[in-house]
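I have placed the structure first, in the form of structure tokens, so that the comments after it can refer back to it.
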Amino acid sequence: MFIVDIVINFRTTYVNANDEVVSHPAKIAIHYFKGWFLIDMVAAIPFDLLIYRTGSDEVRD
């Protein structure tokens with residue numbers, strides 16, 4: 001679901017500092033990369049599957 005959210009965010013318009021709605025895809029992508037992209041990408045990583053592949057059943061502190 002997080003991957004779908006990332007794809008949708010690349011197509012979602014935003015309002016710039018001049019109160020104009022920006023709908024140009026390249027400008028939307030740049031705005032998203034400068035904002036929430038990194039946080040969304042980290043949230044989309046399946047950490048439980050990565051831990052499972054290491055062969056460990058428990059999380060170490």
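In the structure tokens, the first chain shown is A, the next is B, and so on; residue numbers restart at 1 for each chain, and ligands run from 1 in the order shown.
Residues with any atom within 12 Å of stretch 8-16 of chain A, counting only C-alpha atoms and excluding same-chain neighbours fewer than 4 positions away, are Met1, Phe2, Ile3, Val4, Glu20, Val21, Val22, Ser23, His24, Pro25, Ala26, Lys27, Ile28, Ala29, Ile30, His31, Tyr32, Phe33, Gly35, Trp36, Phe37, Asp40 and Met41 of chain A.
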Next item on the list: Looking only at helix (DSSP H, G or I) from DSSP on the backbone, list the matching residues of chain A as a ChimeraX atom specification.
Entry: /A:2-9,25-34,37-44,47-53
